[in-house]
$ cat query.cif   # mmCIF, C-alpha atoms
data_data
#
loop_
_atom_site.label_atom_id
_atom_site.label_comp_id
_atom_site.auth_asym_id
_atom_site.auth_seq_id
_atom_site.Cartn_x
_atom_site.Cartn_y
_atom_site.Cartn_z
CA MET A 1 105.67 94.51 101.73
CA LEU A 2 103.94 96.75 104.25
CA GLY A 3 105.60 98.38 107.22
CA GLU A 4 104.42 97.69 110.76
CA PHE A 5 102.68 101.07 111.14
CA GLU A 6 101.06 100.74 107.73
CA TYR A 7 99.65 97.36 108.79
CA LEU A 8 98.34 98.83 112.06
CA LEU A 9 96.66 101.63 110.14
CA LEU A 10 95.07 99.28 107.58
CA SER A 11 93.82 96.97 110.33
CA ALA A 12 92.31 99.91 112.24
CA ALA A 13 90.61 101.22 109.08
CA GLU A 14 89.21 97.78 108.27
CA ARG A 15 87.90 97.32 111.82
CA LEU A 16 86.25 100.77 111.88
CA GLY A 17 84.62 100.28 108.47
CA GLU A 18 82.35 103.22 107.62
CA ASP A 19 83.58 105.18 110.66
CA ALA A 20 87.23 105.16 109.62
CA TYR A 21 88.66 108.69 109.58
CA GLY A 22 91.74 110.44 111.00
CA ALA A 23 90.83 110.77 114.68
CA SER A 24 89.04 107.41 115.01
CA ILE A 25 91.93 105.53 113.33
CA ARG A 26 94.41 107.28 115.61
CA GLN A 27 92.38 106.29 118.69
CA GLU A 28 92.09 102.71 117.46
CA ILE A 29 95.86 102.43 116.86
CA GLU A 30 96.60 103.85 120.33
CA ASN A 31 94.19 101.38 121.93
CA THR A 32 95.46 98.29 120.11
CA ALA A 33 99.19 99.08 120.00
CA GLY A 34 99.23 100.66 123.46
CA ARG A 35 101.44 103.53 122.35
CA PRO A 36 100.83 107.11 121.26
CA CYS A 37 100.24 107.75 117.57
CA SER A 38 101.31 111.16 116.29
CA ILE A 39 99.11 113.02 113.87
CA GLY A 40 102.16 113.63 111.66
CA ALA A 41 102.86 109.89 111.30
CA LEU A 42 99.17 109.19 110.72
CA TYR A 43 98.61 111.72 107.93
CA THR A 44 101.89 111.09 106.10
CA THR A 45 101.21 107.33 106.20
CA LEU A 46 97.68 107.88 104.90
CA ASP A 47 99.18 109.78 101.94
CA ARG A 48 101.73 107.04 101.28
CA LEU A 49 99.10 104.28 101.40
CA GLU A 50 96.85 106.25 99.07
CA GLU A 51 99.72 106.75 96.63
CA LYS A 52 100.29 102.98 96.66
CA GLY A 53 96.58 102.48 95.94
CA LEU A 54 95.99 100.58 99.21
CA ILE A 55 93.39 103.01 100.56
CA LYS A 56 91.06 105.66 99.20
CA THR A 57 90.45 108.87 101.13
CA TRP A 58 87.97 111.69 100.65
CA MET A 59 86.70 114.66 102.63
CA GLY A 60 83.42 114.00 104.46
CA ASP A 61 80.81 116.56 105.45
CA PRO A 62 81.60 119.12 108.17
CA THR A 63 80.07 118.26 111.57
CA PRO A 64 79.21 120.65 114.47
CA GLU A 65 81.03 118.50 117.09
CA ARG A 66 84.26 119.06 115.13
CA GLY A 67 83.74 122.81 115.05
CA GLY A 68 82.28 122.66 111.55
CA ARG A 69 85.35 120.95 110.13
CA ALA A 70 85.29 118.03 107.70
CA LYS A 71 86.71 114.54 108.36
CA ARG A 72 89.21 112.79 106.11
CA MET A 73 87.36 109.53 105.54
CA VAL A 74 89.31 106.35 104.75
CA ARG A 75 88.32 103.18 102.92
CA ILE A 76 90.65 100.24 102.32
CA THR A 77 90.80 99.06 98.68
CA ALA A 78 90.93 95.49 97.37
CA LYS A 79 94.66 95.92 96.79
CA GLY A 80 95.00 97.11 100.41
CA ILE A 81 93.15 94.05 101.69
CA ARG A 82 95.52 91.78 99.70
CA ALA A 83 98.60 93.62 101.01
CA ALA A 84 97.42 93.43 104.64
CA SER A 85 96.51 89.77 104.26
CA ASN A 86 99.96 88.98 102.80
CA PHE A 87 101.65 90.83 105.67
CA TYR A 88 99.58 88.88 108.20
CA ASP A 89 100.46 85.54 106.50
CA VAL A 90 104.15 86.40 106.57
CA VAL A 91 104.02 87.30 110.28
CA VAL A 92 102.11 84.09 111.09
CA ARG A 93 104.56 81.94 109.06
CA ALA A 94 107.55 83.71 110.57
CA SER A 95 106.17 83.20 114.07
CA ARG A 96 105.46 79.47 113.64
CA GLY A 97 107.47 77.40 116.14
CA VAL A 98 108.75 80.51 117.90
CA CYS A 99 108.03 81.03 121.56
CA TRP A 100 108.35 84.59 122.84
CA GLU A 101 107.84 83.67 126.50
CA PRO A 102 110.83 84.76 128.62
CA LYS A 103 112.97 81.71 129.48
CA MET B 104 97.21 131.99 128.83
CA ILE B 105 99.79 129.37 127.79
CA ASP B 106 97.00 127.26 126.31
CA GLN B 107 95.78 130.21 124.28
CA ALA B 108 99.29 130.87 123.00
CA CYS B 109 99.66 127.19 122.06
CA TRP B 110 96.33 127.17 120.16
CA LEU B 111 97.36 130.36 118.40
CA LEU B 112 100.61 128.67 117.32
CA VAL B 113 98.63 125.58 116.21
CA ASP B 114 96.45 127.86 114.09
CA ILE B 115 99.45 129.64 112.57
CA LEU B 116 101.31 126.39 111.81
CA SER B 117 98.20 124.75 110.36
CA ARG B 118 98.02 127.52 107.76
CA THR B 119 101.08 126.02 106.07
CA LEU B 120 99.05 122.85 105.32
CA LYS B 121 96.69 122.38 102.39
CA SER B 122 93.19 123.62 103.26
CA ASP B 123 91.60 120.11 103.28
CA GLU B 124 94.33 118.70 105.48
CA ARG B 125 94.12 121.71 107.80
CA ASP B 126 90.39 121.16 108.19
CA ALA B 127 90.82 117.45 108.91
CA VAL B 128 93.65 117.92 111.41
CA LEU B 129 92.03 120.77 113.39
CA GLY B 130 88.74 118.85 113.41
CA ASP B 131 90.57 115.75 114.69
CA PHE B 132 92.05 117.77 117.56
CA LYS B 133 88.59 118.99 118.55
CA ASP B 134 87.12 115.52 118.09
CA ALA B 135 89.75 113.87 120.29
CA GLY B 136 89.62 116.67 122.93
CA GLU B 137 93.37 117.18 122.48
CA THR B 138 95.20 119.39 124.98
CA ALA B 139 96.90 122.51 123.63
CA GLY B 140 100.41 121.16 124.26
CA LYS B 141 99.74 117.83 122.55
CA ALA B 142 98.06 119.59 119.61
CA LEU B 143 101.06 121.88 119.19
CA ARG B 144 103.48 118.93 119.26
CA GLY B 145 101.30 117.06 116.79
CA ILE B 146 100.94 119.89 114.28
CA LEU B 147 104.64 120.72 114.55
CA GLY B 148 105.51 117.10 113.73
CA LEU B 149 103.16 117.10 110.75
CA VAL B 150 104.43 120.40 109.37
CA VAL B 151 108.08 119.25 109.70
CA ARG B 152 107.27 115.95 107.96
CA ARG B 153 105.45 117.79 105.16
CA ARG B 154 108.37 120.23 104.69
CA LEU B 155 110.91 117.40 104.63
CA GLY B 156 108.65 115.49 102.25
CA LEU B 157 109.06 118.25 99.68
CA TRP B 158 112.76 117.38 99.49
CA THR B 159 112.17 113.75 98.52
CA ARG B 160 111.58 114.96 94.93
CA TRP B 161 114.72 115.05 92.74
CA GLU B 162 113.37 118.19 91.05
CA SER B 163 113.73 120.20 94.27
CA TRP B 164 117.40 119.20 94.56
CA LEU B 165 118.07 119.94 90.90
CA ALA B 166 116.54 123.40 91.38
CA LEU B 167 118.56 124.01 94.54
CA ILE B 168 121.96 122.75 93.36
CA GLY B 169 121.71 123.09 89.58
CA ILE B 170 120.00 126.46 89.28
CA ALA B 171 120.12 128.37 92.61
CA GLY B 172 123.68 127.12 93.17
CA PHE B 173 125.52 126.38 89.94
CA ALA B 174 123.76 128.52 87.30
CA GLY B 175 123.27 131.25 89.91
CA LEU B 176 126.99 131.42 90.65
CA LEU B 177 127.87 131.71 86.96
CA LEU B 178 125.17 134.34 86.43
CA GLN B 179 126.61 136.23 89.39
CA ILE B 180 129.94 136.57 87.56
CA PHE B 181 128.26 138.23 84.58
CA VAL B 182 126.15 140.41 86.88
CA ALA B 183 129.36 141.61 88.53
CA MET B 184 131.02 142.17 85.11
CA PHE B 185 128.06 144.21 83.90
CA THR B 186 127.82 146.31 87.07
CA GLY B 187 131.58 146.89 87.07
CA THR B 188 131.72 147.91 83.40
CA LEU B 189 128.65 150.16 83.72
CA PHE B 190 130.18 151.82 86.76
CA GLU B 191 133.51 152.38 84.94
CA TRP B 192 131.66 153.79 81.95
CA LEU B 193 129.55 156.13 84.12
CA VAL B 194 132.53 157.60 85.99
CA GLY B 195 134.86 157.46 83.00
CA TYR B 196 137.38 155.06 84.55
CA ALA B 197 139.90 153.67 82.10
CA ASN B 198 139.81 149.95 81.41
CA PHE B 199 141.12 147.71 78.66
CA ARG B 200 138.26 148.65 76.30
CA THR B 201 137.66 151.76 74.22
CA PRO B 202 134.47 153.73 75.11
CA ASN B 203 132.77 152.31 71.99
CA GLU B 204 133.76 148.77 72.91
CA ASP B 205 132.44 149.45 76.42
CA ILE B 206 129.05 150.36 74.96
CA VAL B 207 128.94 147.27 72.71
CA TYR B 208 129.89 145.03 75.66
CA LEU B 209 127.30 146.69 77.92
CA VAL B 210 124.56 146.38 75.30
CA CYS B 211 125.35 142.68 74.80
CA LEU B 212 125.18 142.02 78.55
CA ALA B 213 122.12 144.27 79.02
CA LEU B 214 120.31 142.14 76.42
CA ALA B 215 121.60 138.85 77.78
CA LEU B 216 121.10 139.28 81.54
CA PRO B 217 117.28 139.64 81.48
CA VAL B 218 116.90 136.66 79.12
CA TRP B 219 119.23 134.45 81.18
CA SER B 220 117.58 135.55 84.44
CA TRP B 221 114.10 134.87 83.09
CA THR B 222 115.10 131.42 81.78
CA SER B 223 116.77 130.43 85.05
CA GLY B 224 113.79 131.77 87.02
CA PHE B 225 111.34 129.90 84.80
CA ALA B 226 113.18 126.58 85.21
CA LEU B 227 113.56 127.24 88.95
CA GLY B 228 109.82 127.89 89.33
CA SER B 229 108.89 124.76 87.31
CA LEU B 230 111.26 122.46 89.18
CA SER B 231 110.97 123.75 92.75
CA GLY B 232 107.26 123.26 93.42
CA ARG B 233 106.51 124.21 97.03
CA THR B 234 110.21 124.60 97.88
CA ILE B 235 110.24 127.77 95.76
CA LEU B 236 110.51 130.13 98.75
CA LEU B 237 113.85 128.64 99.73
CA THR B 238 115.28 128.00 96.25
CA GLY B 239 114.03 131.38 94.96
CA ALA B 240 115.51 133.29 97.89
CA LEU B 241 118.81 131.44 97.55
CA PHE B 242 118.92 132.15 93.79
CA CYS B 243 118.42 135.88 94.41
CA VAL B 244 121.06 135.95 97.15
CA VAL B 245 123.60 134.09 94.99
CA VAL B 246 123.00 136.06 91.77
CA LEU B 247 122.97 139.46 93.45
CA ASN B 248 125.86 138.71 95.77
CA PRO B 249 127.95 141.65 94.45
CA PHE B 250 124.98 143.96 95.11
CA TRP B 251 124.54 142.75 98.72
CA LEU B 252 128.27 143.13 99.32
CA GLY B 253 128.14 146.68 97.95
CA MET B 254 125.25 147.51 100.29
CA LEU B 255 127.16 146.04 103.23
CA ARG B 256 130.25 148.11 102.39
CA SER B 257 128.27 151.36 102.13
CA TYR B 258 126.54 150.57 105.44
CA HIS B 259 129.93 149.93 107.00
CA ARG B 260 131.22 153.27 105.70
CA GLN B 261 128.20 155.06 107.18
CA ALA B 262 128.69 153.26 110.47
CA GLU B 263 132.32 154.39 110.53
CA HIS B 264 131.16 158.01 110.01
CA ILE B 265 133.33 158.44 106.96
CA LYS B 266 132.18 161.59 105.23
CA PRO B 267 132.87 161.17 101.50
CA ALA B 268 134.37 164.02 99.52
CA ALA B 269 132.46 165.48 96.55
CA PHE B 270 134.30 163.22 94.09
CA GLU B 271 133.61 160.16 96.22
CA GLN B 272 129.95 161.13 96.45
CA GLU B 273 129.81 161.23 92.67
CA VAL B 274 131.47 157.82 92.48
CA ALA B 275 129.03 156.43 95.07
CA ALA B 276 126.09 157.81 93.09
CA ALA B 277 127.41 156.13 89.93
CA SER B 278 127.80 152.89 91.85
CA ILE B 279 124.20 153.12 93.09
CA ARG B 280 122.97 153.82 89.55
CA ALA B 281 124.94 150.86 88.15
CA ASN B 282 123.55 148.56 90.86
CA ALA B 283 120.00 149.80 90.31
CA VAL B 284 120.24 149.05 86.58
CA THR B 285 121.61 145.57 87.30
CA LEU B 286 118.89 144.90 89.85
CA SER B 287 116.12 145.80 87.43
CA LEU B 288 117.75 143.85 84.58
CA CYS B 289 118.06 140.67 86.66
CA LEU B 290 115.56 140.69 89.46
CA LEU B 291 112.39 141.65 87.57
CA PRO B 292 112.80 139.07 84.76
CA ALA B 293 113.85 136.43 87.32
CA PHE B 294 110.71 137.04 89.43
CA TRP B 295 108.53 137.01 86.31
CA GLY B 296 110.10 133.71 85.19
CA ILE B 297 109.75 132.15 88.66
CA ARG B 298 106.07 133.16 88.77
CA GLN B 299 105.35 131.70 85.31
CA GLY B 300 107.28 128.49 86.02
CA PHE B 301 105.62 128.03 89.41
CA ARG B 302 102.18 128.40 87.81
CA HIS B 303 103.05 125.59 85.37
CA TYR B 304 103.03 127.88 82.35
CA LYS B 305 104.47 125.94 79.43
CA LEU B 306 106.05 127.49 76.34
CA GLN B 307 104.75 126.51 72.92
CA TYR B 308 107.41 124.69 70.93
CA ARG B 309 107.65 127.64 68.52
CA GLN B 310 108.24 130.05 71.44
CA ALA B 311 110.86 127.69 72.87
CA PHE B 312 112.58 127.48 69.47
CA VAL B 313 112.77 131.29 69.31
CA LEU B 314 114.09 131.35 72.90
CA GLY B 315 116.79 128.87 71.90
CA ILE B 316 117.88 131.02 68.94
CA VAL B 317 117.87 134.20 71.07
CA ILE B 318 119.93 132.57 73.82
CA THR B 319 122.45 131.12 71.35
CA THR B 320 122.83 134.54 69.68
CA LEU B 321 123.32 136.24 73.06
CA ILE B 322 125.92 133.67 74.11
CA LEU B 323 127.86 134.32 70.91
CA MET B 324 127.55 138.11 71.29
CA VAL B 325 128.80 138.07 74.90
CA THR B 326 131.64 135.66 74.00
CA TRP B 327 132.69 137.98 71.17
CA SER B 328 132.40 141.26 73.11
CA SER B 329 134.16 139.90 76.21
CA GLY B 330 137.20 139.39 73.99
CA PHE B 331 137.79 143.16 73.54
CA SER B 332 139.50 143.65 76.88
CA GLU B 333 141.34 140.32 76.66
CA ASN B 334 143.01 141.20 73.34
CA THR B 335 143.95 144.72 74.49
CA ARG B 336 145.34 143.45 77.77
CA GLU B 337 147.51 140.86 75.95
CA ALA B 338 148.78 143.51 73.50
CA MET B 339 149.56 146.01 76.27
CA SER B 340 151.42 143.48 78.42
CA ASN B 341 153.76 142.61 75.53
CA GLY B 342 152.73 138.98 75.70
CA VAL B 343 153.15 138.57 79.48
CA TYR B 344 149.37 138.26 79.92
CA ARG B 345 147.75 135.51 77.86
CA ALA B 346 144.25 136.39 76.69
CA VAL B 347 141.50 133.93 77.60
CA SER B 348 140.70 132.11 74.37
CA TRP B 349 137.15 132.25 72.95
CA PRO B 350 136.34 128.59 73.71
CA ASN B 351 137.24 129.24 77.36
CA ARG B 352 134.97 132.27 77.37
CA LEU B 353 132.19 130.32 75.65
CA TRP B 354 132.00 127.28 77.95
CA PRO B 355 130.87 129.05 81.14
CA LEU B 356 128.11 130.71 79.13
CA ILE B 357 126.89 127.37 77.78
CA VAL B 358 126.91 125.86 81.29
CA LEU B 359 125.17 128.95 82.71
CA ASN B 360 122.37 128.49 80.20
CA TRP B 361 121.60 124.83 80.96
CA PRO B 362 118.15 125.80 82.34
CA ALA B 363 117.26 126.83 78.76
CA VAL B 364 117.79 123.21 77.66
CA TYR B 365 115.32 122.14 80.37
CA VAL B 366 112.76 124.79 79.33
CA ILE B 367 113.02 123.88 75.63
CA GLY B 368 112.97 120.13 76.41
CA THR B 369 109.79 120.36 78.51
CA SER B 370 108.04 122.52 75.93
CA TYR B 371 108.87 119.94 73.23
CA ARG B 372 107.49 117.15 75.45
CA VAL B 373 104.28 119.08 76.21
CA THR B 374 103.71 120.03 72.56
CA ARG B 375 104.34 116.44 71.46
CA ARG B 376 101.90 115.08 74.08
CA ARG B 377 99.24 117.57 72.93
CA PHE B 378 99.83 116.49 69.31
CA VAL B 379 99.52 112.77 70.19
CA ASP B 380 96.35 113.44 72.25
CA LYS B 381 94.84 115.36 69.32
CA GLU B 382 95.74 112.55 66.91
CA ASN B 383 94.12 109.99 69.21
CA GLU B 384 91.02 112.18 69.53
CA ASN B 385 90.75 112.52 65.76
CA GLY B 386 91.37 108.79 65.33
CA GLY B 387 88.63 108.02 67.88
CA GLN B 388 86.17 110.30 66.13
CA ALA B 389 86.97 108.80 62.72
CA GLY B 390 86.55 105.28 64.17
#

$ encode --input "query.cif" --output "C-alpha cells"
Amino acid sequence: MLGEFEYLLLSAAERLGEDAYGASIRQEIENTAGRPCSIGALYTTLDRLEEKGLIKTWMGDPTPERGGRAKRMVRITAKGIRAASNFYDVVVRASRGVCWEPK
Amino acid sequence: MIDQACWLLVDILSRTLKSDERDAVLGDFKDAGETAGKALRGILGLVVRRRLGLWTRWESWLALIGIAGFAGLLLQIFVAMFTGTLFEWLVGYANFRTPNEDIVYLVCLALALPVWSWTSGFALGSLSGRTILLTGALFCVVVLNPFWLGMLRSYHRQAEHIKPAAFEQEVAAASIRANAVTLSLCLLPAFWGIRQGFRHYKLQYRQAFVLGIVITTLILMVTWSSGFSENTREAMSNGVYRAVSWPNRLWPLIVLNWPAVYVIGTSYRVTRRRFVDKENENGGQAG
C-alpha cells in the first residue's frame, strides 16, 4: 500500500508524462496539494519508489537554463500504475457514503 | 551578502551528496528560481535525511556497536597491557614476570595486535559503508583510549608547569616510545584494513583460511603468555591471590576476534558464489 505522499508523487509524474523530473514534480505537488514540498522529501521518496520498482529514474541531458546541470527524469512503471490505481480504488471505496461537509 | 553566504553553504552541503543527485538538486533550485534561504533549508533537509538513511542498514549498527564498541573495548585492554608491559620493560620496572617472560609476552602481543587491528578494521570498513567516518573515528578513539589519556595527562603536567627531574624525563621518554610502538602496531594495520574493507576487497577463501589459522595461533599464544604473571602472582601471594584460569583468559580473546568470523564467512560466501557462477557458465557453454 502506498503512502499519501507517494501517491501524490506518482500522480504528478503520470500527469507530467515526458516532462516529469524533480523540479516539475515538486511544482505539480505544491499546486495540487496546496502545501510546500521539500526537496529532501521529494528525492528520498523518489529513491524509495525506485527501490520498490514503481518508477524508473535516469539522468537527462544538461540544459543551459539549469546552469548546465542535468535533470533527474522520472517515468512511472506498470507496477507503479497498478499500485497507484489500487490506492485510488481504496480511497474511493473508503470514501463511499461519507460526507466531509461540516455539519 | 547573506544570500551569497547561503548559496556558499548550499554548495558546501551539496558536496556531501552523490554527484548525480547534486547536479539534479542544484539544477532544480535554478530551474525553480529558489531563494537562497529556501535552497539552504531544502538542501539541509535532504542532507540530514540522507545521513539518517545510512543508519537504516543493520550493517552500520553492527559496525558501530559490535566492532567500534565491543571489539574495540576488548582490543583496548590488550593495547593497554602491551603498552604497560613495554614501558615496564624499557625502564626496568619489576613486575610479576621474568625479563625473558616479558619478552615472550611482548612478542606474542606485538604479533597479535596488528593482525587483530587489521581484521577489525577490515570488517568495520566492509560493514560501515558511508558511515565509516563516524564508526572509524569511534573505533580509533576507543582502541587508543589509553594513549589519549596519556597525552591528556602529559598536557596537564605541562600546563601545571611541573618540571620533571632527570629520572622522570627518562620515564616519560620510555612512555612516549611505548605509546609510539603501540600506535604504529595498531593504527596503521587498522587504517589499512578499513581502507581495504571499504573498497569491497574480498579475501580468497585460501587467504581467509590462513588468516583463521594465524588468528587462532595468536589467541593461543597470548592466552599462554598472559599466564606467566598470573602464576607468579598466585605463588608470591601464598594462595591469597587466585590466578585467572586459562579458559577465563581465552574467552575475551575469542570474543575480541569475532570480526575474523565475519571476514572468513564473507570470503567463503564470495568464493562459493564465484564457483557456482563458473559452473553455470561452463554448463551453459557445454549446453

$ resolve_selection --input "query.cif" --expression "the PyMOL selection byres ((chain A) within 10 of (chain B))" --output "compact mmCIF listing (two decimals) with C-alpha atoms, in the frame of the given file"
# COMPACT_ATOMS: atom_id res chain seq x y z
CA TYR A 21 88.66 108.69 109.58
CA GLY A 22 91.74 110.44 111.00
CA ALA A 23 90.83 110.77 114.68
CA SER A 24 89.04 107.41 115.01
CA ARG A 26 94.41 107.28 115.61
CA GLN A 27 92.38 106.29 118.69
CA CYS A 37 100.24 107.75 117.57
CA SER A 38 101.31 111.16 116.29
CA ILE A 39 99.11 113.02 113.87
CA GLY A 40 102.16 113.63 111.66
CA ALA A 41 102.86 109.89 111.30
CA LEU A 42 99.17 109.19 110.72
CA TYR A 43 98.61 111.72 107.93
CA THR A 44 101.89 111.09 106.10
CA TRP A 58 87.97 111.69 100.65
CA MET A 59 86.70 114.66 102.63
CA GLY A 60 83.42 114.00 104.46
CA PRO A 62 81.60 119.12 108.17
CA THR A 63 80.07 118.26 111.57
CA PRO A 64 79.21 120.65 114.47
CA GLU A 65 81.03 118.50 117.09
CA ARG A 66 84.26 119.06 115.13
CA GLY A 67 83.74 122.81 115.05
CA GLY A 68 82.28 122.66 111.55
CA ARG A 69 85.35 120.95 110.13
CA ALA A 70 85.29 118.03 107.70
CA LYS A 71 86.71 114.54 108.36
CA ARG A 72 89.21 112.79 106.11
CA MET A 73 87.36 109.53 105.54

$ atom_distance --input "query.cif" --atom1 "CA of Ala281 (chain B)" --atom2 "CA of Ile168 (chain B)"
28.7 Å

$ residues_around --input "query.cif" --residues "Leu353 (chain B)" --least-positions-apart "4" --cutoff "12 Å" --atoms "all atoms listed in the file" --output "PyMOL selection string"
chain B and resi 319-330+347-349+357-360

$ resolve_selection --input "query.cif" --expression "the PyMOL selection byres ((chain A and resi 1-9) around 10)" --output "PyMOL selection string"
chain A and resi 10-15+25-26+28-30+32-33+37+41-42+45-46+48-49+54+76+80+83-88+90

$ atom_distance --input "query.cif" --atom1 "CA of Trp295 (chain B)" --atom2 "CA of Trp221 (chain B)"
6.8 Å

$ axis_aligned_box --input "query.cif" --around "region 245-248 of chain B" --padding-each-side "3 Å" --output "AutoDock Vina command-line options"
--center_x 124.4 --center_y 136.8 --center_z 93.8 --size_x 8.9 --size_y 11.4 --size_z 10.0

$ resolve_selection --input "query.cif" --expression "the PyMOL selection byres ((chain B and resi 177-190) around 10)" --output "NGL selection string"
:B and (170-176 or 191-196 or 198 or 200 or 205-206 or 208-213 or 215-216 or 219-220 or 223 or 242-250 or 274-286 or 288-289 or 325 or 329 or 355-356 or 358-360)

$ closest_atom_pairs --input "query.cif" --of "region 300-330 of chain B" --to "region 373-377 of chain B" --cutoff "8 Å" --atoms "all atoms listed in the file" --output "JSON lines"
{"residue": "B:Lys305", "atom": "CA", "partner": "B:Val373", "partner_atom": "CA", "distance": 7.6}
{"residue": "B:Gln307", "atom": "CA", "partner": "B:Thr374", "partner_atom": "CA", "distance": 6.6}
{"residue": "B:Tyr308", "atom": "CA", "partner": "B:Thr374", "partner_atom": "CA", "distance": 6.2}

$ atom_distance --input "query.cif" --atom1 "CA of Leu241 (chain B)" --atom2 "CA of Trp361 (chain B)"
18.1 Å

$ residues_around --input "query.cif" --residues "Leu227 (chain B)" --least-positions-apart "2" --cutoff "10 Å" --atoms "all atoms listed in the file" --output "PyMOL selection string"
chain B and resi 162-163+165-167+169-171+221-225+229-232+234-235+238-239+242+293+296-298+300-301+362+366

$ closest_residue --input "query.cif" --among "A:Lys56, A:Arg75, A:Arg35, A:Arg93" --to "Gly17 (chain A)" --atoms "all atoms listed in the file"
A:Arg75

$ closest_residue --input "query.cif" --among "B:Thr369, B:Ala311, B:Gly228, B:Phe331" --to "Gln299 (chain B)" --atoms "all atoms listed in the file"
B:Gly228
